[in-house]
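Coordinates from start_7.cif are shown below (mmCIF, C-alpha atoms; chains and numbers go by the auth columns).
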data_start
loop_
_atom_site.group_PDB
_atom_site.id
_atom_site.type_symbol
_atom_site.label_atom_id
_atom_site.label_comp_id
_atom_site.label_asym_id
_atom_site.label_seq_id
_atom_site.Cartn_x
_atom_site.Cartn_y
_atom_site.Cartn_z
_atom_site.B_iso_or_equiv
_atom_site.auth_seq_id
_atom_site.auth_asym_id
ATOM 1 C CA ASP A 1 2.183 -11.240 -9.146 0.00 1 A
ATOM 2 C CA ALA A 2 1.180 -13.286 -6.112 0.00 2 A
ATOM 3 C CA LEU A 3 4.446 -12.484 -4.337 0.00 3 A
ATOM 4 C CA GLY A 4 4.086 -8.784 -5.142 0.00 4 A
ATOM 5 C CA LEU A 5 0.516 -8.751 -3.862 0.00 5 A
ATOM 6 C CA LEU A 6 1.507 -10.678 -0.746 0.00 6 A
ATOM 7 C CA ALA A 7 4.328 -8.206 -0.066 0.00 7 A
ATOM 8 C CA ILE A 8 1.947 -5.258 -0.398 0.00 8 A
ATOM 9 C CA ALA A 9 -0.618 -6.970 1.841 0.00 9 A
ATOM 10 C CA LEU A 10 2.095 -7.519 4.460 0.00 10 A
ATOM 11 C CA VAL A 11 3.127 -3.845 4.280 0.00 11 A
ATOM 12 C CA LEU A 12 -0.493 -2.823 4.841 0.00 12 A
ATOM 13 C CA ALA A 13 -0.753 -5.362 7.669 0.00 13 A
ATOM 14 C CA ALA A 14 2.393 -4.003 9.336 0.00 14 A
ATOM 15 C CA ALA A 15 1.108 -0.418 9.156 0.00 15 A
ATOM 16 C CA PHE A 16 -2.297 -1.514 10.444 0.00 16 A
ATOM 17 C CA ALA A 17 -0.723 -3.535 13.273 0.00 17 A
ATOM 18 C CA ASP A 18 1.436 -0.555 14.278 0.00 18 A
ATOM 19 C CA GLN A 19 -1.681 1.598 14.310 0.00 19 A
ATOM 20 C CA LEU A 20 -3.572 -0.791 16.560 0.00 20 A
ATOM 21 C CA LEU A 21 -0.785 -2.065 18.816 0.00 21 A
ATOM 22 C CA HIS A 22 1.065 1.212 19.390 0.00 22 A
ATOM 23 C CA ASP A 23 -2.003 3.458 19.297 0.00 23 A
ATOM 24 C CA GLU A 24 -0.505 5.588 16.503 0.00 24 A
ATOM 25 C CA LEU A 25 -3.246 6.833 14.237 0.00 25 A
ATOM 26 C CA PRO A 26 -2.172 7.488 10.645 0.00 26 A
ATOM 27 C CA CYS A 27 -2.029 11.108 9.491 0.00 27 A
ATOM 28 C CA PRO A 28 -3.734 12.179 6.228 0.00 28 A
ATOM 29 C CA LEU A 29 -0.482 11.739 4.269 0.00 29 A
ATOM 30 C CA CYS A 30 -0.058 8.276 5.802 0.00 30 A
ATOM 31 C CA LEU A 31 -3.567 7.368 4.677 0.00 31 A
ATOM 32 C CA LEU A 32 -2.794 8.566 1.146 0.00 32 A
ATOM 33 C CA GLN A 33 0.281 6.342 1.122 0.00 33 A
ATOM 34 C CA ARG A 34 -1.908 3.404 2.084 0.00 34 A
ATOM 35 C CA VAL A 35 -4.146 4.281 -0.876 0.00 35 A
ATOM 36 C CA GLY A 36 -1.045 4.132 -3.087 0.00 36 A
ATOM 37 C CA PHE A 37 -0.257 0.651 -1.770 0.00 37 A
ATOM 38 C CA VAL A 38 -3.872 -0.425 -2.373 0.00 38 A
ATOM 39 C CA LEU A 39 -3.799 0.835 -5.973 0.00 39 A
ATOM 40 C CA ALA A 40 -0.466 -0.880 -6.586 0.00 40 A
ATOM 41 C CA GLY A 41 -1.806 -4.100 -5.091 0.00 41 A
ATOM 42 C CA PHE A 42 -4.974 -3.853 -7.145 0.00 42 A
ATOM 43 C CA GLY A 43 -2.923 -4.094 -10.344 0.00 43 A
ATOM 44 C CA PHE A 44 -1.271 -7.304 -9.142 0.00 44 A
ATOM 45 C CA ALA A 45 -4.649 -8.664 -7.998 0.00 45 A
ATOM 46 C CA MET A 46 -6.149 -7.993 -11.434 0.00 46 A
ATOM 47 C CA ASN A 47 -3.297 -9.969 -13.019 0.00 47 A
ATOM 48 C CA LEU A 48 -4.069 -12.907 -10.755 0.00 48 A
ATOM 49 C CA VAL A 49 -7.804 -12.855 -11.366 0.00 49 A
ATOM 50 C CA PHE A 50 -8.066 -11.768 -15.012 0.00 50 A
ATOM 51 C CA GLY A 51 -4.668 -12.732 -16.416 0.00 51 A
ATOM 52 C CA PRO A 52 -1.606 -10.579 -16.961 0.00 52 A
ATOM 53 C CA ARG A 53 -1.990 -7.385 -18.953 0.00 53 A
ATOM 54 C CA ALA A 54 0.252 -4.401 -19.416 0.00 54 A
ATOM 55 C CA SER A 55 -2.595 -2.167 -18.224 0.00 55 A
ATOM 56 C CA HIS A 56 -2.652 -3.997 -14.883 0.00 56 A
ATOM 57 C CA TYR A 57 1.062 -3.399 -14.436 0.00 57 A
ATOM 58 C CA ALA A 58 0.458 0.225 -15.418 0.00 58 A
ATOM 59 C CA LEU A 59 -2.067 0.534 -12.579 0.00 59 A
ATOM 60 C CA THR A 60 0.504 -0.924 -10.186 0.00 60 A
ATOM 61 C CA ILE A 61 3.157 1.533 -11.376 0.00 61 A
ATOM 62 C CA LEU A 62 0.805 4.537 -11.280 0.00 62 A
ATOM 63 C CA GLY A 63 -0.373 3.630 -7.775 0.00 63 A
ATOM 64 C CA ALA A 64 3.217 3.260 -6.602 0.00 64 A
ATOM 65 C CA MET A 65 4.225 6.552 -8.210 0.00 65 A
ATOM 66 C CA ALA A 66 1.323 8.398 -6.563 0.00 66 A
ATOM 67 C CA GLY A 67 2.050 6.814 -3.190 0.00 67 A
ATOM 68 C CA GLY A 68 5.749 7.478 -3.642 0.00 68 A
ATOM 69 C CA ALA A 69 5.106 11.153 -4.349 0.00 69 A
ATOM 70 C CA VAL A 70 3.122 11.433 -1.112 0.00 70 A
ATOM 71 C CA ALA A 71 5.798 9.528 0.834 0.00 71 A
ATOM 72 C CA LEU A 72 8.545 11.769 -0.537 0.00 72 A
ATOM 73 C CA ARG A 73 6.467 14.851 0.298 0.00 73 A
ATOM 74 C CA GLN A 74 6.098 13.684 3.888 0.00 74 A
ATOM 75 C CA THR A 75 9.779 12.784 4.123 0.00 75 A
ATOM 76 C CA LEU A 76 10.726 16.251 2.879 0.00 76 A
ATOM 77 C CA LEU A 77 8.384 17.855 5.435 0.00 77 A
ATOM 78 C CA HIS A 78 10.295 16.177 8.245 0.00 78 A
ATOM 79 C CA VAL A 79 13.860 16.140 6.922 0.00 79 A
ATOM 80 C CA VAL A 80 14.677 19.644 8.135 0.00 80 A
ATOM 81 C CA PRO A 81 16.169 19.525 11.651 0.00 81 A
ATOM 82 C CA GLY A 82 13.781 20.792 14.295 0.00 82 A
ATOM 83 C CA THR A 83 10.607 20.103 12.314 0.00 83 A
ATOM 84 C CA GLY A 84 9.855 16.928 14.233 0.00 84 A
ATOM 85 C CA ALA A 85 8.633 13.653 12.792 0.00 85 A
ATOM 86 C CA TYR A 86 5.404 11.723 12.697 0.00 86 A
ATOM 87 C CA GLY A 87 5.381 8.383 14.457 0.00 87 A
ATOM 88 C CA ASP A 88 8.186 6.337 15.902 0.00 88 A
ATOM 89 C CA PRO A 89 11.019 5.101 13.672 0.00 89 A
ATOM 90 C CA PHE A 90 11.230 1.481 12.586 0.00 90 A
ATOM 91 C CA LEU A 91 14.792 0.181 12.055 0.00 91 A
ATOM 92 C CA GLY A 92 16.027 3.761 12.095 0.00 92 A
ATOM 93 C CA LEU A 93 13.606 5.144 9.502 0.00 93 A
ATOM 94 C CA HIS A 94 10.054 6.428 9.770 0.00 94 A
ATOM 95 C CA PHE A 95 7.269 4.612 7.965 0.00 95 A
ATOM 96 C CA TYR A 96 6.965 7.344 5.327 0.00 96 A
ATOM 97 C CA THR A 97 10.647 6.926 4.438 0.00 97 A
ATOM 98 C CA TRP A 98 10.215 3.165 4.224 0.00 98 A
ATOM 99 C CA ALA A 99 7.133 3.747 2.066 0.00 99 A
ATOM 100 C CA ALA A 100 9.134 5.869 -0.391 0.00 100 A
ATOM 101 C CA ILE A 101 11.721 3.076 -0.678 0.00 101 A
ATOM 102 C CA LEU A 102 9.054 0.388 -1.093 0.00 102 A
ATOM 103 C CA PHE A 103 7.170 2.372 -3.740 0.00 103 A
ATOM 104 C CA ALA A 104 10.406 2.720 -5.728 0.00 104 A
ATOM 105 C CA LEU A 105 10.929 -1.046 -5.457 0.00 105 A
ATOM 106 C CA ILE A 106 7.346 -1.679 -6.641 0.00 106 A
ATOM 107 C CA VAL A 107 7.923 0.512 -9.709 0.00 107 A
ATOM 108 C CA LEU A 108 11.215 -1.245 -10.447 0.00 108 A
ATOM 109 C CA GLY A 109 9.745 -4.712 -9.904 0.00 109 A
ATOM 110 C CA SER A 110 6.708 -3.987 -12.065 0.00 110 A
ATOM 111 C CA ALA A 111 8.884 -2.609 -14.850 0.00 111 A
ATOM 112 C CA LEU A 112 11.021 -5.764 -14.741 0.00 112 A
ATOM 113 C CA LEU A 113 7.894 -7.934 -14.830 0.00 113 A
ATOM 114 C CA LEU A 114 6.692 -5.986 -17.859 0.00 114 A
ATOM 115 C CA LEU A 115 10.058 -6.434 -19.515 0.00 115 A
ATOM 116 C CA PHE A 116 10.399 -10.159 -18.914 0.00 116 A
ATOM 117 C CA ASP A 117 6.830 -11.483 -18.602 0.00 117 A
ATOM 118 C CA ALA A 118 6.455 -13.835 -21.564 0.00 118 A
ATOM 119 C CA ARG A 119 2.738 -14.191 -20.822 0.00 119 A
ATOM 120 C CA LEU A 120 2.224 -10.661 -22.154 0.00 120 A
ATOM 121 C CA SER A 121 3.444 -11.589 -25.631 0.00 121 A
ATOM 122 C CA THR A 122 0.409 -13.775 -26.296 0.00 122 A
ATOM 123 C CA SER A 123 -2.564 -12.074 -27.862 0.00 123 A
ATOM 124 C CA SER A 124 -5.020 -13.108 -25.158 0.00 124 A
ATOM 125 C CA ALA A 125 -3.479 -13.671 -21.757 0.00 125 A
ATOM 126 C CA GLN A 126 -5.775 -15.918 -19.773 0.00 126 A
ATOM 127 C CA PRO A 127 -5.913 -16.098 -15.997 0.00 127 A
ATOM 128 C CA GLU A 128 -3.923 -18.969 -14.638 0.00 128 A
ATOM 129 C CA HIS A 129 -5.200 -21.357 -12.018 0.00 129 A
ATOM 130 C CA ILE A 130 -5.226 -19.492 -8.713 0.00 130 A
ATOM 131 C CA ASP A 131 -2.906 -21.513 -6.500 0.00 131 A
ATOM 132 C CA ALA A 132 -2.684 -21.423 -2.704 0.00 132 A
ATOM 133 C CA LEU A 133 -0.130 -18.591 -2.654 0.00 133 A
ATOM 134 C CA ALA A 134 -2.237 -16.411 -4.962 0.00 134 A
ATOM 135 C CA ARG A 135 -5.408 -17.189 -3.022 0.00 135 A
ATOM 136 C CA THR A 136 -3.673 -16.359 0.277 0.00 136 A
ATOM 137 C CA ALA A 137 -2.362 -13.082 -1.149 0.00 137 A
ATOM 138 C CA LEU A 138 -5.790 -12.128 -2.503 0.00 138 A
ATOM 139 C CA VAL A 139 -7.549 -12.893 0.790 0.00 139 A
ATOM 140 C CA LEU A 140 -4.967 -11.106 2.935 0.00 140 A
ATOM 141 C CA PHE A 141 -4.945 -8.095 0.598 0.00 141 A
ATOM 142 C CA THR A 142 -8.743 -7.906 0.641 0.00 142 A
ATOM 143 C CA LEU A 143 -8.827 -8.125 4.452 0.00 143 A
ATOM 144 C CA MET A 144 -6.228 -5.350 4.748 0.00 144 A
ATOM 145 C CA VAL A 145 -8.126 -3.100 2.338 0.00 145 A
ATOM 146 C CA VAL A 146 -11.415 -3.601 4.185 0.00 146 A
ATOM 147 C CA GLY A 147 -9.744 -3.160 7.580 0.00 147 A
ATOM 148 C CA ASN A 148 -8.054 0.054 6.501 0.00 148 A
ATOM 149 C CA VAL A 149 -11.254 1.452 4.987 0.00 149 A
ATOM 150 C CA VAL A 150 -13.185 0.761 8.198 0.00 150 A
ATOM 151 C CA SER A 151 -10.383 2.159 10.343 0.00 151 A
ATOM 152 C CA THR A 152 -10.149 5.309 8.228 0.00 152 A
ATOM 153 C CA PHE A 153 -13.887 5.846 8.502 0.00 153 A
ATOM 154 C CA LEU A 154 -13.696 5.415 12.281 0.00 154 A
ATOM 155 C CA GLU A 155 -10.766 7.845 12.437 0.00 155 A
ATOM 156 C CA CYS A 156 -12.054 10.543 10.090 0.00 156 A
ATOM 157 C CA GLY A 157 -15.779 10.056 9.694 0.00 157 A
ATOM 158 C CA ILE A 158 -17.106 11.416 6.412 0.00 158 A
ATOM 159 C CA GLY A 159 -15.161 14.678 6.634 0.00 159 A
ATOM 160 C CA LEU A 160 -11.534 15.639 6.427 0.00 160 A
ATOM 161 C CA CYS A 161 -9.077 13.773 8.605 0.00 161 A
ATOM 162 C CA PRO A 162 -7.352 15.774 11.343 0.00 162 A
ATOM 163 C CA ASP A 163 -3.703 16.697 10.674 0.00 163 A
ATOM 164 C CA ASN A 164 -2.527 15.110 13.920 0.00 164 A
ATOM 165 C CA PRO A 165 -5.186 12.587 14.891 0.00 165 A
ATOM 166 C CA THR A 166 -5.396 11.595 18.548 0.00 166 A
ATOM 167 C CA ASP A 167 -8.520 9.445 18.638 0.00 167 A
ATOM 168 C CA TYR A 168 -11.133 7.786 16.494 0.00 168 A
ATOM 169 C CA GLU A 169 -13.654 10.517 15.726 0.00 169 A
ATOM 170 C CA MET A 170 -16.525 8.106 15.158 0.00 170 A
ATOM 171 C CA LEU A 171 -15.938 6.269 18.441 0.00 171 A
ATOM 172 C CA GLY A 172 -15.560 9.274 20.681 0.00 172 A
#
Once more with this new file: its structure as structure tokens, please.
Amino acid sequence: DALGLLAIALVLAAAFADQLLHDELPCPLCLLQRVGFVLAGFGFAMNLVFGPRASHYALTILGAMAGGAVALRQTLLHVVPGTGAYGDPFLGLHFYTWAAILFALIVLGSALLLLFDARLSTSSAQPEHIDALARTALVLFTLMVVGNVVSTFLECGIGLCPDNPTDYEMLG
């Protein structure tokens, strides 16, 4: 759970860093994908804090499926030649394509954890001691969620986000 949460926090950090360092504001579909990563991470975080439960893994899977649907939608919007793309590619693929792949891996990983997690077979799964890795993952995930919420507010305000954002609406 800690490794899964750390991986999701690092994905959010990479997207956030790209946004800040390359001045590429996320589009509305990109923001929805980030919400999918947050929901998926929230399931792992709940396992770390409250103990493992199938319902927490279900939240992770549902968040990844929702985010994956958005990522696939965006990929399909840009797969037709001549339609353009949003953002610069990273290792040959755009972030929304990477997101679709990562969401599929989150679903697969969560399903495997559900299948093989012996802690779920006990009647009352208790939270384990939060070690340094889990604490680091929780802190980094929380910072990325807060940073993305603030950034989204600065980009979109309280209304709808622009389709092709060029600047932070609340700062301009």
Separation of atom CA of A:Leu140 from atom CA of A:Ala9, in Å and rounded to one decimal
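Between these atoms lies a distance of 6.1 Å.
Taken over the whole file, the PyMOL selection byres ((chain A and resi 56) around 8) covers exactly Gly43, Phe44, Met46, Asn47, Pro52, Arg53, Ala54, Ser55, Tyr57, Ala58, Leu59 and Thr60 of chain A.
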Using the selection just defined, write its residues with C-alpha atoms as a PDB file, in the frame of the given file.
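The result, written out as out-v9.pdb:
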ATOM      1  CA  GLY A  43      -2.923  -4.094 -10.344  1.00  0.00           C
ATOM      2  CA  PHE A  44      -1.271  -7.304  -9.142  1.00  0.00           C
ATOM      3  CA  MET A  46      -6.149  -7.993 -11.434  1.00  0.00           C
ATOM      4  CA  ASN A  47      -3.297  -9.969 -13.019  1.00  0.00           C
ATOM      5  CA  PRO A  52      -1.606 -10.579 -16.961  1.00  0.00           C
ATOM      6  CA  ARG A  53      -1.990  -7.385 -18.953  1.00  0.00           C
ATOM      7  CA  ALA A  54       0.252  -4.401 -19.416  1.00  0.00           C
ATOM      8  CA  SER A  55      -2.595  -2.167 -18.224  1.00  0.00           C
ATOM      9  CA  TYR A  57       1.062  -3.399 -14.436  1.00  0.00           C
ATOM     10  CA  ALA A  58       0.458   0.225 -15.418  1.00  0.00           C
ATOM     11  CA  LEU A  59      -2.067   0.534 -12.579  1.00  0.00           C
ATOM     12  CA  THR A  60       0.504  -0.924 -10.186  1.00  0.00           C
TER      13      THR A  60
END
Figure out the distance between atom CA of A:Val80 and atom CA of A:Ile8, please, to one decimal in Å.
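Answer for the atom CA of A:Ile8 to atom CA of A:Val80 separation: 29.2 Å.
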Name every residue that the PyMOL selection byres ((chain A and resi 129) around 12) selects in this structure, writing the answer as a PyMOL selection string with chains first and numbers rising.
chain A and resi 2+47-51+126-128+130-135
A:Cys156: which residues within 10 Å, counting all atoms listed in the file, same-chain residues fewer than 2 positions away excluded, as a ChimeraX atom specification?
/A:28,151-154,158-162,165,167-170
Could you write out as a ChimeraX atom specification the residues that the PyMOL selection byres ((chain A and resi 148) around 10) matches in the shown file?
/A:12-13,15-16,31,34-35,38,142-147,149-154
Would you mind exporting C-alpha atoms of the selected residues as a short mmCIF file (atom, residue, chain, number, x, y, z; two decimals), in the coordinates of the input?
data_model
loop_
_atom_site.label_atom_id
_atom_site.label_comp_id
_atom_site.auth_asym_id
_atom_site.auth_seq_id
_atom_site.Cartn_x
_atom_site.Cartn_y
_atom_site.Cartn_z
CA LEU A 12 -0.49 -2.82 4.84
CA ALA A 13 -0.75 -5.36 7.67
CA ALA A 15 1.11 -0.42 9.16
CA PHE A 16 -2.30 -1.51 10.44
CA LEU A 31 -3.57 7.37 4.68
CA ARG A 34 -1.91 3.40 2.08
CA VAL A 35 -4.15 4.28 -0.88
CA VAL A 38 -3.87 -0.42 -2.37
CA THR A 142 -8.74 -7.91 0.64
CA LEU A 143 -8.83 -8.12 4.45
CA MET A 144 -6.23 -5.35 4.75
CA VAL A 145 -8.13 -3.10 2.34
CA VAL A 146 -11.42 -3.60 4.18
CA GLY A 147 -9.74 -3.16 7.58
CA VAL A 149 -11.25 1.45 4.99
CA VAL A 150 -13.18 0.76 8.20
CA SER A 151 -10.38 2.16 10.34
CA THR A 152 -10.15 5.31 8.23
CA PHE A 153 -13.89 5.85 8.50
CA LEU A 154 -13.70 5.42 12.28
#
I'd like the contact shell of A:Ala7 - 10 Å cut-off, all atoms listed in the file, skipping same-chain residues fewer than 3 positions apart - returned as a list in words.
Asp1, Ala2, Leu3, Gly4, Leu10, Val11, Leu12, Ala13, Gly41, Leu102, Ile106, Ala137 and Phe141 of chain A
Can you measure atom CA of A:His78 to atom CA of A:Leu62 for me? One decimal in Å is fine.
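We find that atom CA of A:His78 and atom CA of A:Leu62 lie 24.6 Å from each other.
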Return as AutoDock Vina command-line options the box centre and box size in Å, one decimal, for an axis-aligned box around all listed atoms of stretch 134-138 of chain A padded by 4 Å per side.
--center_x -4.0 --center_y -14.7 --center_z -2.3 --size_x 11.6 --size_y 13.1 --size_z 13.2
For A:Ala45, which residue out of A:Leu112, A:Gly82, A:Ala66, A:Leu5 is the nearest one, using only C-alpha atoms?
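Answer, going by the shortest atom-to-atom distance: A:Leu5.
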Just checking: using all atoms listed in the file, which residue out of A:Ala40, A:Ala99, A:Leu20, A:Leu108 ends up closest to A:Arg73?
A:Ala99
Can you list, as a ChimeraX atom specification, every protein, DNA or RNA residue that comes within 8 Å of A:Gln33 when you count all atoms listed in the file, leaving out same-chain residues fewer than 6 positions away?
/A:67-68,70-71,96,99
Residues of the last selection are to be written out with C-alpha atoms, as a compact mmCIF listing (two decimals), keeping the file's coordinate frame.
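Now in out-v7.txt:
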# COMPACT_ATOMS: atom_id res chain seq x y z
CA GLY A 67 2.05 6.81 -3.19
CA GLY A 68 5.75 7.48 -3.64
CA VAL A 70 3.12 11.43 -1.11
CA ALA A 71 5.80 9.53 0.83
CA TYR A 96 6.96 7.34 5.33
CA ALA A 99 7.13 3.75 2.07
Nearby residues (all atoms listed in the file) at most 12 Å from A:Val79, same-chain spacing under 5 positions excluded, as a PyMOL selection string:
chain A and resi 72-74+84-86+93-94+96-97
Could you check the closest approach to A:Ala64 for each of A:Leu76, A:Ala17, A:Leu105, A:Leu6 and tell me which residue wins, using all atoms listed in the file?
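Among the listed residues, A:Leu105 lies closest to A:Ala64.
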Nearest-residue call for A:Cys30, choices A:Asp163, A:Phe116, A:Ala104, A:Leu138, using all atoms listed in the file
A:Asp163
My list of candidates is A:Ile61, A:Pro81, A:Glu155, A:Phe95. Which is closest to A:Leu114 when distances are computed with all atoms listed in the file?
A:Ile61
